[in-house]
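A.B. asks: Here it is, the structure in full.
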Amino acid sequence: MSQKYTLYGRPGSGSLAVQVALEEIGAPYQRVWIGREPADVASYRTLNPTGRVPALGLPDGTVMFESAAILIHLALAHPDAKLGPRPGTRTHAQFLQWMVFLSANVYEAALRIYYADRYSTLGAAGAEPIRQRAAAEFGEHLDLIARQLDPYVLGGELSAADLYLHMLGSWYPGERAERDARFPRLAVLDDILRARPSISKVAADHAE
Ligand SMILES: N[C@@H](CCC(=O)N[C@@H](CS)C(=O)NCC(=O)O)C(=O)O
């Protein structure tokens with residue numbers, strides 16, 4: 001197959017889960033790291049007007065953004081990889097529910113933690129209370145989904161929601177041991193996922 005996906009990302013960013021999904025699928029892709037300099041971001045905005053990562057160039061050249069949408073698209077476009085249940089089923093409805101929940105709540109709270117200065121008219125001077133509130137909400141959202149893991153988000157079947165949760169859960173603003181004690185089912189899921197070659201390969205790539 002000569003046509004490839006192009007994944008635009010940054011180390012440790014939201015592109016990690018998409019890259020794991022591409023590895024699980026076995027689809028050919030090239031990975032492009034986006035620099036943080038204003039000129040790099042300005043150039044990237046010609047492809048993705050949000051300037052955020054991740055974005056995914058599809059084999060026909062279309063570029064899409066929003067991590068949850070990308071993961072859902074990949075699951076639907078590559079059914080043999082079994083990253084999502086069959087559309088129209090009850091389980092697929094739950095899959096969509098958790099994907100949107102993770103994006104709209106967990107990811108959103110993480111952005112308020114790590115970019116807190118952007119959420120205050122005072123900039124960095126007003127960031128700390130925003131960060132603290134966001135960290136509390138991040139924990140509440142994570143608790144809601146982690147509490148029902150068995151062992152995966154959808155019960156017995158792995159899906160892209162697990163890859164997404166694995167990435168988002170790693171952004172917990174505290175010690176890993178404390179997080180694992182607070183969300184033991186998430187710790188179990190992480191152990192299961194870390195045994196998958198896709199996860200270890202992408203983790204090494206993002207650590208370079
Ligand atoms: N809702 C977007 C959020 C993407 C996002 O904000 N990504 C962060 C990295 S994890 C980013 O690009 N930050 C750089 C910036 O905002 O300048 C998604 O799910 O893809």
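Labels for the structure tokens follow display order: chains A, B, ..., residues from 1 in each chain, ligands from 1.
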Using only C-alpha atoms and all ligand atoms, which protein or nucleic acid residues are at most 6 Å from ligand 1, as a list in words?
C.D. replies: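 Those residues are Ser13, Gly14, Arg52, Val53, Pro54, Glu66, Ser67, Ala68 and Ser103 of chain A.
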A.B. asks: What are the DSSP strand (DSSP E) residues of region 4-142 of chain A, as number ranges by chain?
C.D. replies: A: 5-9, 29-33, 55-57, 63-65
A.B. asks: Give the answer as one residue: which of A:Gly126, A:Gly169, A:Pro59, A:Gly51 has the shortest atom-to-atom distance to Ile34 (chain A), using only C-alpha atoms?
C.D. replies: A:Gly51
A.B. asks: Report as an MDAnalysis selection string all protein, DNA and RNA residues lying within 12 Å of region 71-83 of chain A, evaluated on only C-alpha atoms, omitting residues in the same chain fewer than 2 positions from it.
C.D. replies: chainID A and resid 5 7 14:27 54:59 64:69 85:88 92:93 95:100 102:103 152:154 157:165
A.B. asks: Just the helix (DSSP H, G or I) stuff from chain A, please, per backbone DSSP, written as a PyMOL selection string.
C.D. replies: chain A and resi 15-25+38-45+67-77+79-81+90-114+116-119+123-146+160-169+176-182+184-194+197-207
